[in-house]
Amino acid sequence: MLRFLVNIRDIFVAAVVIILLHIAALISLIKLVLSKAFEYIFKLLLLIIFIILLGVSAFNPKYVQSWNDIKETWGSFVDLVLYCDYQELAQWYKNLFSKEEKEPKIAL
């Protein structure tokens with residue numbers, strides 16, 4: 001009887017472990033799907049902004065005359081958005097709009 005109870009306990013523990021592993025795998029799969037979905041949504045928004053900018057002639061036509069020029073401009077646009085150092089940009093804006101005016105020092 002004791003051996004039967006030990007076997008039941010082992011089966012129960014194994015089932016719980018397997019269920020926990022499946023839940024962990026499902027959570028990581030959902031996380032992966034959501035991150036990919038947000039990445040594609042972000043890229044779609046970038047593409048829409050880029051098309052709007054092209055449509056309103058924000059780019060000078062002498063620079064964008066062929067499909068390769070448009071692809072190169074798109075690559076530059078994506079690089080600017082994805083690889084911009086936002087902390088430096090925020091610091092630059094903070095320095096630009098700071099209320100403190102520094103007086104120039106006069107060297108004698």
# chains A, B, ... in the order shown; residues from 1 in each chain; ligands from 1

call {"tool": "residues_around", "arguments": {"residues": "segment 40-52 of chain A", "least_positions_apart": "3", "cutoff": "12 Å", "atoms": "only C-alpha atoms", "output": "list in words"}}
result
Val33, Leu34, Ser35, Lys36, Ala37, Gly55, Val56, Ser57, Ala58, Phe59, Ile70, Lys71, Thr73, Trp74, Gly75, Ser76, Phe77, Val78, Asp79, Leu80, Val81 and Leu82 of chain A
